[in-house]
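**Student:** start02.pdb is reproduced below (PDB, C-alpha atoms).
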```pdb
ATOM      1  CA  MET A   1     129.646  83.537  95.874
ATOM      2  CA  LYS A   2     129.376  84.202  99.617
ATOM      3  CA  THR A   3     127.097  87.013 100.759
ATOM      4  CA  ASN A   4     128.685  89.230 103.421
ATOM      5  CA  VAL A   5     126.147  89.770 106.188
ATOM      6  CA  ALA A   6     126.047  92.310 109.020
ATOM      7  CA  ILE A   7     123.588  92.739 111.871
ATOM      8  CA  LEU A   8     122.565  96.165 113.177
ATOM      9  CA  GLY A   9     121.115  95.738 116.678
ATOM     10  CA  ILE A  10     119.374  98.831 118.020
ATOM     11  CA  ASP A  11     119.415  99.574 121.775
ATOM     12  CA  LEU A  12     119.238  96.003 123.112
ATOM     13  CA  GLN A  13     119.879  97.279 126.636
ATOM     14  CA  ASN A  14     118.568  96.287 130.044
ATOM     15  CA  ASP A  15     116.335  99.323 130.507
ATOM     16  CA  PHE A  16     114.392  98.225 127.399
ATOM     17  CA  THR A  17     114.787  94.435 127.538
ATOM     18  CA  SER A  18     114.555  93.560 131.239
ATOM     19  CA  PRO A  19     111.171  93.418 133.018
ATOM     20  CA  THR A  20     112.762  95.556 135.761
ATOM     21  CA  GLY A  21     114.074  98.117 133.244
ATOM     22  CA  SER A  22     112.813 101.679 133.543
ATOM     23  CA  LEU A  23     111.426 101.642 129.980
ATOM     24  CA  PHE A  24     110.730  97.936 129.450
ATOM     25  CA  VAL A  25     108.955  97.354 126.152
ATOM     26  CA  LYS A  26     106.225  94.716 126.310
ATOM     27  CA  GLY A  27     107.135  91.653 124.261
ATOM     28  CA  VAL A  28     110.888  92.257 124.275
ATOM     29  CA  ASP A  29     111.681  89.124 126.265
ATOM     30  CA  SER A  30     110.402  87.084 123.320
ATOM     31  CA  ASP A  31     112.258  89.351 120.876
ATOM     32  CA  MET A  32     115.520  88.627 122.698
ATOM     33  CA  GLU A  33     114.948  84.883 122.550
ATOM     34  CA  ARG A  34     114.414  85.099 118.794
ATOM     35  CA  ILE A  35     117.435  87.356 118.226
ATOM     36  CA  VAL A  36     119.709  84.987 120.153
ATOM     37  CA  SER A  37     118.226  81.982 118.347
ATOM     38  CA  PHE A  38     118.724  83.648 114.945
ATOM     39  CA  ILE A  39     122.375  84.439 115.659
ATOM     40  CA  ASN A  40     123.073  80.952 117.012
ATOM     41  CA  LYS A  41     121.404  79.334 114.005
ATOM     42  CA  ASN A  42     123.292  81.477 111.480
ATOM     43  CA  GLN A  43     126.619  81.880 113.287
ATOM     44  CA  ALA A  44     128.861  80.917 110.403
ATOM     45  CA  ARG A  45     127.055  83.234 107.968
ATOM     46  CA  ILE A  46     127.235  86.413 110.080
ATOM     47  CA  ASP A  47     130.333  88.507 109.385
ATOM     48  CA  TYR A  48     129.858  91.563 111.589
ATOM     49  CA  VAL A  49     127.604  92.932 114.326
ATOM     50  CA  ALA A  50     127.040  96.610 115.201
ATOM     51  CA  LEU A  51     125.201  97.315 118.458
ATOM     52  CA  THR A  52     123.858 100.754 119.346
ATOM     53  CA  LEU A  53     123.527 102.073 122.878
ATOM     54  CA  ASP A  54     121.146 104.774 124.007
ATOM     55  CA  SER A  55     123.534 106.704 126.267
ATOM     56  CA  HIS A  56     122.018 109.509 128.317
ATOM     57  CA  GLN A  57     123.253 111.920 130.934
ATOM     58  CA  PRO A  58     120.898 112.302 133.943
ATOM     59  CA  ILE A  59     120.170 115.823 132.661
ATOM     60  CA  HIS A  60     118.498 115.330 129.292
ATOM     61  CA  ILE A  61     115.823 117.220 127.386
ATOM     62  CA  ALA A  62     113.531 114.170 127.361
ATOM     63  CA  HIS A  63     113.828 113.553 131.130
ATOM     64  CA  GLN A  64     111.428 114.943 133.715
ATOM     65  CA  CYS A  65     114.109 116.883 135.615
ATOM     66  CA  TYR A  66     114.724 119.129 132.585
ATOM     67  CA  TRP A  67     111.284 120.804 132.846
ATOM     68  CA  LYS A  68     109.077 122.475 135.449
ATOM     69  CA  ASP A  69     105.783 124.322 135.274
ATOM     70  CA  LYS A  70     105.167 127.659 137.004
ATOM     71  CA  ASP A  71     104.339 125.807 140.235
ATOM     72  CA  GLY A  72     107.565 123.825 140.196
ATOM     73  CA  ASN A  73     106.051 120.527 139.080
ATOM     74  CA  THR A  74     107.880 118.272 136.636
ATOM     75  CA  PRO A  75     106.006 116.642 133.730
ATOM     76  CA  SER A  76     104.749 113.081 134.058
ATOM     77  CA  PRO A  77     106.405 110.387 131.947
ATOM     78  CA  PHE A  78     105.022 110.219 128.402
ATOM     79  CA  THR A  79     103.948 113.886 128.462
ATOM     80  CA  THR A  80     104.495 115.529 125.065
ATOM     81  CA  ILE A  81     105.886 119.065 124.970
ATOM     82  CA  SER A  82     105.444 121.343 121.947
ATOM     83  CA  LEU A  83     106.832 124.683 120.813
ATOM     84  CA  ASP A  84     103.621 126.320 122.016
ATOM     85  CA  ASP A  85     104.094 124.829 125.500
ATOM     86  CA  VAL A  86     107.609 126.249 125.756
ATOM     87  CA  SER A  87     106.814 129.632 124.161
ATOM     88  CA  ASN A  88     103.962 130.152 126.626
ATOM     89  CA  SER A  89     105.969 128.884 129.614
ATOM     90  CA  ARG A  90     103.640 125.983 130.326
ATOM     91  CA  TRP A  91     106.879 124.036 130.588
ATOM     92  CA  ILE A  92     110.040 125.914 131.532
ATOM     93  CA  PRO A  93     113.511 124.468 130.798
ATOM     94  CA  GLN A  94     115.820 124.225 133.802
ATOM     95  CA  TYR A  95     118.984 123.667 131.767
ATOM     96  CA  ASN A  96     120.467 124.933 128.485
ATOM     97  CA  LYS A  97     117.653 127.479 128.388
ATOM     98  CA  GLU A  98     118.995 129.343 125.363
ATOM     99  CA  LEU A  99     118.590 126.219 123.200
ATOM    100  CA  ALA A 100     114.998 125.388 124.127
ATOM    101  CA  ILE A 101     113.148 127.601 121.642
ATOM    102  CA  PRO A 102     115.531 126.863 118.714
ATOM    103  CA  TYR A 103     115.184 123.143 119.491
ATOM    104  CA  PHE A 104     111.412 123.207 119.410
ATOM    105  CA  GLU A 105     111.333 125.397 116.319
ATOM    106  CA  LYS A 106     113.397 122.767 114.502
ATOM    107  CA  LEU A 107     111.196 119.949 115.819
ATOM    108  CA  THR A 108     108.077 121.808 114.711
ATOM    109  CA  GLU A 109     109.481 122.214 111.187
ATOM    110  CA  LYS A 110     109.626 118.403 111.055
ATOM    111  CA  GLY A 111     106.164 117.954 112.559
ATOM    112  CA  GLU A 112     107.556 116.501 115.789
ATOM    113  CA  VAL A 113     107.204 117.099 119.534
ATOM    114  CA  CYS A 114     109.322 116.143 122.542
ATOM    115  CA  THR A 115     108.163 113.106 124.524
ATOM    116  CA  ILE A 116     109.173 112.894 128.178
ATOM    117  CA  TRP A 117     110.467 109.432 129.093
ATOM    118  CA  PRO A 118     111.275 107.804 132.417
ATOM    119  CA  MET A 119     114.977 108.293 133.093
ATOM    120  CA  HIS A 120     116.689 105.477 131.216
ATOM    121  CA  CYS A 121     120.007 104.217 129.841
ATOM    122  CA  ILE A 122     122.061 106.491 132.089
ATOM    123  CA  LEU A 123     125.736 106.203 131.153
ATOM    124  CA  GLY A 124     127.436 103.531 133.264
ATOM    125  CA  SER A 125     124.247 102.260 134.904
ATOM    126  CA  GLU A 126     122.969  98.688 134.959
ATOM    127  CA  GLY A 127     120.079  99.745 132.738
ATOM    128  CA  TRP A 128     122.555 101.084 130.154
ATOM    129  CA  ALA A 129     124.307  97.714 129.824
ATOM    130  CA  ILE A 130     123.522  95.364 126.935
ATOM    131  CA  ASN A 131     121.263  92.378 127.601
ATOM    132  CA  LYS A 132     123.418  89.594 129.085
ATOM    133  CA  HIS A 133     121.875  86.843 126.951
ATOM    134  CA  LEU A 134     122.832  88.727 123.799
ATOM    135  CA  ILE A 135     126.360  89.340 125.032
ATOM    136  CA  GLY A 136     126.751  85.652 125.875
ATOM    137  CA  CYS A 137     125.519  84.693 122.414
ATOM    138  CA  LEU A 138     127.831  87.185 120.685
ATOM    139  CA  SER A 139     130.831  86.058 122.733
ATOM    140  CA  THR A 140     130.273  82.493 121.519
ATOM    141  CA  TRP A 141     129.845  83.719 117.931
ATOM    142  CA  ALA A 142     132.990  85.857 118.082
ATOM    143  CA  ILE A 143     135.211  83.137 119.570
ATOM    144  CA  SER A 144     133.887  80.359 117.335
ATOM    145  CA  ASN A 145     134.166  82.371 114.119
ATOM    146  CA  ASN A 146     137.106  84.723 114.771
ATOM    147  CA  LYS A 147     134.797  87.766 114.497
ATOM    148  CA  PHE A 148     134.078  90.873 116.572
ATOM    149  CA  TYR A 149     131.215  93.197 117.357
ATOM    150  CA  GLU A 150     131.327  96.973 117.793
ATOM    151  CA  LEU A 151     129.385  99.440 119.939
ATOM    152  CA  PHE A 152     128.003 102.781 118.732
ATOM    153  CA  TYR A 153     126.702 105.407 121.133
ATOM    154  CA  LYS A 154     123.958 108.015 120.858
ATOM    155  CA  GLY A 155     122.006 110.336 123.114
ATOM    156  CA  TYR A 156     124.640 111.810 125.416
ATOM    157  CA  ASN A 157     124.029 115.387 124.246
ATOM    158  CA  GLN A 158     121.717 116.989 126.817
ATOM    159  CA  SER A 159     119.902 119.296 124.420
ATOM    160  CA  THR A 160     118.413 116.992 121.796
ATOM    161  CA  GLU A 161     116.629 113.669 121.560
ATOM    162  CA  HIS A 162     118.594 111.089 119.595
ATOM    163  CA  TYR A 163     116.393 108.166 118.572
ATOM    164  CA  SER A 164     118.298 107.296 115.398
ATOM    165  CA  ILE A 165     121.831 105.958 115.655
ATOM    166  CA  PHE A 166     122.739 108.014 112.592
ATOM    167  CA  LYS A 167     121.888 111.533 113.770
ATOM    168  CA  ALA A 168     120.096 113.439 116.496
ATOM    169  CA  ALA A 169     116.575 114.842 116.211
ATOM    170  CA  VAL A 170     118.249 118.255 115.977
ATOM    171  CA  GLU A 171     121.847 118.613 114.810
ATOM    172  CA  TRP A 172     123.676 121.327 116.746
ATOM    173  CA  GLU A 173     126.497 123.229 115.066
ATOM    174  CA  GLY A 174     129.823 122.531 116.742
ATOM    175  CA  GLN A 175     128.505 119.405 118.475
ATOM    176  CA  PRO A 176     129.589 116.552 116.183
ATOM    177  CA  GLU A 177     127.947 113.848 118.296
ATOM    178  CA  THR A 178     124.595 115.138 116.987
ATOM    179  CA  SER A 179     125.615 115.100 113.304
ATOM    180  CA  LEU A 180     125.088 112.439 110.645
ATOM    181  CA  ASN A 181     127.247 109.370 111.305
ATOM    182  CA  THR A 182     128.519 108.849 107.774
ATOM    183  CA  LYS A 183     131.189 106.430 109.028
ATOM    184  CA  LEU A 184     128.586 103.928 110.249
ATOM    185  CA  LEU A 185     126.476 104.331 107.111
ATOM    186  CA  SER A 186     129.505 103.600 104.932
ATOM    187  CA  LEU A 187     130.576 100.684 107.100
ATOM    188  CA  LEU A 188     127.168  99.010 106.870
ATOM    189  CA  ASN A 189     126.963  99.719 103.146
ATOM    190  CA  SER A 190     130.168  97.719 102.637
ATOM    191  CA  TYR A 191     128.164  94.544 103.357
ATOM    192  CA  ASP A 192     125.847  92.761 100.944
ATOM    193  CA  GLU A 193     123.030  92.414 103.455
ATOM    194  CA  VAL A 194     122.249  94.109 106.762
ATOM    195  CA  ILE A 195     119.837  92.491 109.226
ATOM    196  CA  LEU A 196     117.974  95.048 111.374
ATOM    197  CA  VAL A 197     116.728  94.120 114.858
ATOM    198  CA  GLY A 198     116.191  96.114 118.044
ATOM    199  CA  GLU A 199     114.026  98.245 120.279
ATOM    200  CA  ALA A 200     111.708  99.925 120.155
ATOM    201  CA  ALA A 201     110.320  99.326 116.676
ATOM    202  CA  ASP A 202     108.387 102.599 116.511
ATOM    203  CA  TYR A 203     111.073 104.890 117.922
ATOM    204  CA  CYS A 204     114.793 104.109 117.698
ATOM    205  CA  VAL A 205     114.452 101.386 115.054
ATOM    206  CA  ALA A 206     112.061 103.388 112.865
ATOM    207  CA  ASN A 207     114.108 106.585 113.117
ATOM    208  CA  SER A 208     117.364 104.764 112.331
ATOM    209  CA  LEU A 209     115.722 103.118 109.328
ATOM    210  CA  ASN A 210     114.339 106.467 108.170
ATOM    211  CA  ASP A 211     117.818 107.992 108.128
ATOM    212  CA  ILE A 212     119.074 105.070 106.043
ATOM    213  CA  LEU A 213     116.223 105.687 103.582
ATOM    214  CA  ASP A 214     116.996 109.403 103.370
ATOM    215  CA  GLU A 215     120.784 109.276 103.395
ATOM    216  CA  CYS A 216     121.831 106.055 101.629
ATOM    217  CA  ASP A 217     119.404 104.541  99.140
ATOM    218  CA  GLU A 218     121.976 101.898  98.165
ATOM    219  CA  LEU A 219     122.100 100.640 101.765
ATOM    220  CA  ALA A 220     118.305 100.707 102.060
ATOM    221  CA  LYS A 221     118.051  98.012  99.390
ATOM    222  CA  LYS A 222     120.307  95.757 101.488
ATOM    223  CA  ILE A 223     118.260  96.005 104.689
ATOM    224  CA  VAL A 224     116.256  93.054 106.008
ATOM    225  CA  VAL A 225     114.007  93.975 108.962
ATOM    226  CA  LEU A 226     113.221  91.028 111.224
ATOM    227  CA  THR A 227     109.774  92.057 112.405
ATOM    228  CA  ASP A 228     109.560  89.462 115.184
ATOM    229  CA  CYS A 229     112.823  90.783 116.696
ATOM    230  CA  MET A 230     111.391  94.145 117.752
ATOM    231  CA  SER A 231     108.341  95.420 119.666
ATOM    232  CA  TRP A 232     106.317  98.625 119.597
ATOM    233  CA  ILE A 233     105.811 101.053 122.480
ATOM    234  CA  ASN A 234     102.748 102.431 120.715
ATOM    235  CA  PRO A 235     101.199  99.930 118.271
ATOM    236  CA  ASN A 236      99.320 102.837 116.664
ATOM    237  CA  ASN A 237     102.355 105.043 116.038
ATOM    238  CA  LYS A 238     101.390 106.575 112.680
ATOM    239  CA  ARG A 239     104.771 108.171 112.029
ATOM    240  CA  ALA A 240     106.516 104.813 112.393
ATOM    241  CA  GLU A 241     103.918 103.137 110.172
ATOM    242  CA  LEU A 242     104.634 105.690 107.445
ATOM    243  CA  ILE A 243     108.388 105.079 107.755
ATOM    244  CA  PHE A 244     107.923 101.332 107.301
ATOM    245  CA  GLU A 245     105.621 101.903 104.309
ATOM    246  CA  LYS A 246     108.258 104.190 102.800
ATOM    247  CA  ALA A 247     110.894 101.496 103.456
ATOM    248  CA  ILE A 248     108.956  98.875 101.495
ATOM    249  CA  LYS A 249     108.749 101.265  98.532
ATOM    250  CA  GLN A 250     112.536 101.769  98.664
ATOM    251  CA  GLY A 251     113.298  98.066  98.594
ATOM    252  CA  VAL A 252     113.672  97.170 102.268
ATOM    253  CA  LYS A 253     112.644  93.581 103.002
ATOM    254  CA  PHE A 254     110.501  92.633 106.016
ATOM    255  CA  LYS A 255     110.828  89.039 107.234
ATOM    256  CA  LEU A 256     110.265  86.788 110.247
ATOM    257  CA  SER A 257     113.446  85.491 111.885
ATOM    258  CA  THR A 258     111.888  82.055 112.136
ATOM    259  CA  ASP A 259     111.454  81.901 108.358
ATOM    260  CA  TYR A 260     114.534  83.755 107.157
ATOM    261  CA  ILE A 261     117.614  81.665 106.415
ATOM    262  CA  LEU A 262     120.936  83.249 105.525
TER
END
```
Would you kindly transcribe this structure into structure tokens?
**Tutor:**
Amino acid sequence: MKTNVAILGIDLQNDFTSPTGSLFVKGVDSDMERIVSFINKNQARIDYVALTLDSHQPIHIAHQCYWKDKDGNTPSPFTTISLDDVSNSRWIPQYNKELAIPYFEKLTEKGEVCTIWPMHCILGSEGWAINKHLIGCLSTWAISNNKFYELFYKGYNQSTEHYSIFKAAVEWEGQPETSLNTKLLSLLNSYDEVILVGEAADYCVANSLNDILDECDELAKKIVVLTDCMSWINPNNKRAELIFEKAIKQGVKFKLSTDYIL
């Protein structure tokens, strides 16, 4: 009996995958080669591909322009901002000011902070576009096998980070783009096996996987993470390590693309 296989590709966009991208992740060029090779090798066995796109407005809570200190300086990239920083006006929001404290209170409840990133994946920009080698590979797959791929967007709400494709770091009432994407969870769960690849391993991949673990245990058991098709921004990211340990306990498989045959 044929196994129905889907691929979930997380944020395989130029700003992460190109050496000139604003948030290029070291090692991604090799990841892309392996992802393309895996798809080409298994073309006839792949039934569906879902690609996620980090999709930010220029004004975003994790961008430098959103914050200033009392002297008018913006935070450096990779600065972390906490509830204490905002409550004591060490960093002052320039936009959506009424949401800042509630946002950080909710982050604090989850043991999280806000990391400031270089401006990246701005809607419509070259950096937002999907890696051209992947698109070329998927076009060949689609035409040769009468299949199609779909795009899923996240991150365009200004007032919350949105690492996971399934829901934002903070879900705002009345703003459905921040809420749990049950449609995508159900769609992926309709397949027998879901291959997980993407960038970066310790942020958008890990957070997407964590939501699968928390929201759909049945789907978790169908996930195969290709560990050589993703790279880490911070190799010592303890939160991500804990998510992957949790995933193993819930039945997620971790494989190398070079060894895994569909």
**Student:** What's the 10 Å shell around Asp259 (chain A), counting only C-alpha atoms, without same-chain residues fewer than 4 positions away, as number ranges by chain?
**Tutor:** A: 38, 226, 255
**Student:** Near Ser82 (chain A), counting all atoms listed in the file, which residues have an atom at most 8 Å away, once you skip same-chain residues fewer than 5 positions from it, shown as a list in words?
**Tutor:** Phe104, Thr108, Val113 and Cys114 of chain A
**Student:** Can you write out as CSV which residues of region 4-122 of chain A fall within 8 Å of region 139-154 of chain A, alongside each residue's closest atom pair and its distance in Å to one decimal, counting only C-alpha atoms and ordering rows by chain and ascending residue number?
**Tutor:**
```
residue,atom,partner,partner_atom,distance
A:Ile39,CA,A:Trp141,CA,7.8
A:Asn40,CA,A:Trp141,CA,7.4
A:Gln43,CA,A:Trp141,CA,5.9
A:Ala44,CA,A:Asn145,CA,6.6
A:Asp47,CA,A:Lys147,CA,6.8
A:Tyr48,CA,A:Tyr149,CA,6.1
A:Val49,CA,A:Tyr149,CA,4.7
A:Ala50,CA,A:Glu150,CA,5.0
A:Leu51,CA,A:Leu151,CA,4.9
A:Thr52,CA,A:Phe152,CA,4.7
A:Leu53,CA,A:Tyr153,CA,4.9
A:Asp54,CA,A:Lys154,CA,5.3
A:Ser55,CA,A:Lys154,CA,5.6
A:His56,CA,A:Lys154,CA,7.9
```
**Student:** Create the file for the chosen residues now, containing C-alpha atoms and written as a CSV table (one decimal), in the frame of the given file.
**Tutor:**
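What ended up in again_6.csv:
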```csv
chain,number,residue,atom,x,y,z
A,39,ILE,CA,122.4,84.4,115.7
A,40,ASN,CA,123.1,81.0,117.0
A,43,GLN,CA,126.6,81.9,113.3
A,44,ALA,CA,128.9,80.9,110.4
A,47,ASP,CA,130.3,88.5,109.4
A,48,TYR,CA,129.9,91.6,111.6
A,49,VAL,CA,127.6,92.9,114.3
A,50,ALA,CA,127.0,96.6,115.2
A,51,LEU,CA,125.2,97.3,118.5
A,52,THR,CA,123.9,100.8,119.3
A,53,LEU,CA,123.5,102.1,122.9
A,54,ASP,CA,121.1,104.8,124.0
A,55,SER,CA,123.5,106.7,126.3
A,56,HIS,CA,122.0,109.5,128.3
```
**Student:** Point out the residue among A:Thr227, A:Asn157, A:Ser179, A:Asn234 with the least atom-to-atom distance to Tyr260 (chain A), counting only C-alpha atoms.
**Tutor:**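 Of all the options, A:Thr227 lies closest to Tyr260 (chain A).
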**Student:** Would you mind listing what lies within 8 Å of region 207-210 of chain A as a ChimeraX atom specification, with only C-alpha atoms counted and same-chain residues fewer than 6 positions away left out?
**Tutor:** /A:163-166,240,243,247
**Student:** Could you tell me which residues the PyMOL selection byres ((chain A and resi 118) around 12) grabs in this file, written as an NGL selection string?
**Tutor:** :A and (15-16 or 21-24 or 56 or 58-66 or 74-79 or 115-117 or 119-122 or 127)
**Student:** Would you output that residue set with C-alpha atoms, as a PDB file, in the frame of the given file?
**Tutor:**
```pdb
ATOM      1  CA  ASP A  15     116.335  99.323 130.507  1.00  0.00           C
ATOM      2  CA  PHE A  16     114.392  98.225 127.399  1.00  0.00           C
ATOM      3  CA  GLY A  21     114.074  98.117 133.244  1.00  0.00           C
ATOM      4  CA  SER A  22     112.813 101.679 133.543  1.00  0.00           C
ATOM      5  CA  LEU A  23     111.426 101.642 129.980  1.00  0.00           C
ATOM      6  CA  PHE A  24     110.730  97.936 129.450  1.00  0.00           C
ATOM      7  CA  HIS A  56     122.018 109.509 128.317  1.00  0.00           C
ATOM      8  CA  PRO A  58     120.898 112.302 133.943  1.00  0.00           C
ATOM      9  CA  ILE A  59     120.170 115.823 132.661  1.00  0.00           C
ATOM     10  CA  HIS A  60     118.498 115.330 129.292  1.00  0.00           C
ATOM     11  CA  ILE A  61     115.823 117.220 127.386  1.00  0.00           C
ATOM     12  CA  ALA A  62     113.531 114.170 127.361  1.00  0.00           C
ATOM     13  CA  HIS A  63     113.828 113.553 131.130  1.00  0.00           C
ATOM     14  CA  GLN A  64     111.428 114.943 133.715  1.00  0.00           C
ATOM     15  CA  CYS A  65     114.109 116.883 135.615  1.00  0.00           C
ATOM     16  CA  TYR A  66     114.724 119.129 132.585  1.00  0.00           C
ATOM     17  CA  THR A  74     107.880 118.272 136.636  1.00  0.00           C
ATOM     18  CA  PRO A  75     106.006 116.642 133.730  1.00  0.00           C
ATOM     19  CA  SER A  76     104.749 113.081 134.058  1.00  0.00           C
ATOM     20  CA  PRO A  77     106.405 110.387 131.947  1.00  0.00           C
ATOM     21  CA  PHE A  78     105.022 110.219 128.402  1.00  0.00           C
ATOM     22  CA  THR A  79     103.948 113.886 128.462  1.00  0.00           C
ATOM     23  CA  THR A 115     108.163 113.106 124.524  1.00  0.00           C
ATOM     24  CA  ILE A 116     109.173 112.894 128.178  1.00  0.00           C
ATOM     25  CA  TRP A 117     110.467 109.432 129.093  1.00  0.00           C
ATOM     26  CA  MET A 119     114.977 108.293 133.093  1.00  0.00           C
ATOM     27  CA  HIS A 120     116.689 105.477 131.216  1.00  0.00           C
ATOM     28  CA  CYS A 121     120.007 104.217 129.841  1.00  0.00           C
ATOM     29  CA  ILE A 122     122.061 106.491 132.089  1.00  0.00           C
ATOM     30  CA  GLY A 127     120.079  99.745 132.738  1.00  0.00           C
TER      31      GLY A 127
END
```
**Student:** Between CA of Ile7 (chain A) and CA of Ala200 (chain A), what distance in Å does the model show, to one decimal?
**Tutor:**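 Here the two named atoms are 16.2 Å from each other.
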**Student:** Selection in question (the file shown): the PyMOL selection byres ((chain A and resi 106) around 12). Which residues does it include, as a list of chain:residue names?
**Tutor:**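 Checked against the file, the PyMOL selection byres ((chain A and resi 106) around 12) matches A:Ser82, A:Leu83, A:Leu99, A:Ala100, A:Ile101, A:Pro102, A:Tyr103, A:Phe104, A:Glu105, A:Leu107, A:Thr108, A:Glu109, A:Lys110, A:Gly111, A:Glu112, A:Val113, A:Cys114, A:Thr160, A:Glu161, A:Ala168, A:Ala169, A:Val170, A:Glu171, A:Trp172.
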**Student:** With the file shown as input, list the residues that the PyMOL selection byres ((chain A and resi 71) around 12) selects, as number ranges by chain.
**Tutor:** A: 67-70, 72-75, 89-92
**Student:** With all atoms listed in the file counted, which protein, DNA or RNA residues have an atom no more than 8 Å from (124.4, 94.2, 125.4) in the file frame? Please answer as a PyMOL selection string.
**Tutor:** chain A and resi 12-14+51+129-135
**Student:** Using all atoms listed in the file, can you tell me which of A:Lys97, A:Asn189, A:Ser125, A:Ser231 comes closest to Ser159 (chain A)?
**Tutor:**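 The closest residue to Ser159 (chain A) is A:Lys97.
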**Student:** Could you tell me how far CA of Asp192 (chain A) sits from CA of Asn4 (chain A), in Å to one decimal place?
**Tutor:**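 Taking CA of Asn4 (chain A) and CA of Asp192 (chain A), their separation equals 5.2 Å.
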**Student:** Go ahead and compute the interatomic distance for CA of Pro19 (chain A) and CA of Ser37 (chain A), in Å to one decimal.
**Tutor:** 19.9 Å
**Student:** Calculated over only C-alpha atoms, which of the candidates A:Gly198, A:Pro93, A:Gly136, A:Gly155 has the smallest distance to Asp31 (chain A)?
**Tutor:**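 With only C-alpha atoms as the atom set, the closest residue is A:Gly198.
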**Student:** Would you please work out which residue, of A:Tyr191, A:Glu126, A:Lys249, A:Cys204, is nearest to Thr20 (chain A) when using only C-alpha atoms?
**Tutor:**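 Looking at the shortest contact to Thr20 (chain A), the residue is A:Glu126.
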**Student:** Phe244 (chain A): which residues within 12 Å, counting only C-alpha atoms, same-chain residues fewer than 2 positions away excluded, as a PyMOL selection string?
**Tutor:** chain A and resi 201-203+205-213+220+223-225+227+237-242+246-254
**Student:** Using C-alpha atoms, can you write the selected residues to a file as a PDB file, in the frame of the given file?
**Tutor:**
```
ATOM      1  CA  ALA A 201     110.320  99.326 116.676  1.00  0.00           C
ATOM      2  CA  ASP A 202     108.387 102.599 116.511  1.00  0.00           C
ATOM      3  CA  TYR A 203     111.073 104.890 117.922  1.00  0.00           C
ATOM      4  CA  VAL A 205     114.452 101.386 115.054  1.00  0.00           C
ATOM      5  CA  ALA A 206     112.061 103.388 112.865  1.00  0.00           C
ATOM      6  CA  ASN A 207     114.108 106.585 113.117  1.00  0.00           C
ATOM      7  CA  SER A 208     117.364 104.764 112.331  1.00  0.00           C
ATOM      8  CA  LEU A 209     115.722 103.118 109.328  1.00  0.00           C
ATOM      9  CA  ASN A 210     114.339 106.467 108.170  1.00  0.00           C
ATOM     10  CA  ASP A 211     117.818 107.992 108.128  1.00  0.00           C
ATOM     11  CA  ILE A 212     119.074 105.070 106.043  1.00  0.00           C
ATOM     12  CA  LEU A 213     116.223 105.687 103.582  1.00  0.00           C
ATOM     13  CA  ALA A 220     118.305 100.707 102.060  1.00  0.00           C
ATOM     14  CA  ILE A 223     118.260  96.005 104.689  1.00  0.00           C
ATOM     15  CA  VAL A 224     116.256  93.054 106.008  1.00  0.00           C
ATOM     16  CA  VAL A 225     114.007  93.975 108.962  1.00  0.00           C
ATOM     17  CA  THR A 227     109.774  92.057 112.405  1.00  0.00           C
ATOM     18  CA  ASN A 237     102.355 105.043 116.038  1.00  0.00           C
ATOM     19  CA  LYS A 238     101.390 106.575 112.680  1.00  0.00           C
ATOM     20  CA  ARG A 239     104.771 108.171 112.029  1.00  0.00           C
ATOM     21  CA  ALA A 240     106.516 104.813 112.393  1.00  0.00           C
ATOM     22  CA  GLU A 241     103.918 103.137 110.172  1.00  0.00           C
ATOM     23  CA  LEU A 242     104.634 105.690 107.445  1.00  0.00           C
ATOM     24  CA  LYS A 246     108.258 104.190 102.800  1.00  0.00           C
ATOM     25  CA  ALA A 247     110.894 101.496 103.456  1.00  0.00           C
ATOM     26  CA  ILE A 248     108.956  98.875 101.495  1.00  0.00           C
ATOM     27  CA  LYS A 249     108.749 101.265  98.532  1.00  0.00           C
ATOM     28  CA  GLN A 250     112.536 101.769  98.664  1.00  0.00           C
ATOM     29  CA  GLY A 251     113.298  98.066  98.594  1.00  0.00           C
ATOM     30  CA  VAL A 252     113.672  97.170 102.268  1.00  0.00           C
ATOM     31  CA  LYS A 253     112.644  93.581 103.002  1.00  0.00           C
ATOM     32  CA  PHE A 254     110.501  92.633 106.016  1.00  0.00           C
TER      33      PHE A 254
END
```
**Student:** Which residue, A:Met1, A:Tyr156, A:Asp214, A:Met32, has the smallest gap to Trp128 (chain A) when you use only C-alpha atoms?
**Tutor:**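 Of A:Met1, A:Tyr156, A:Asp214, A:Met32, the one nearest Trp128 (chain A) is A:Tyr156, counting only C-alpha atoms.
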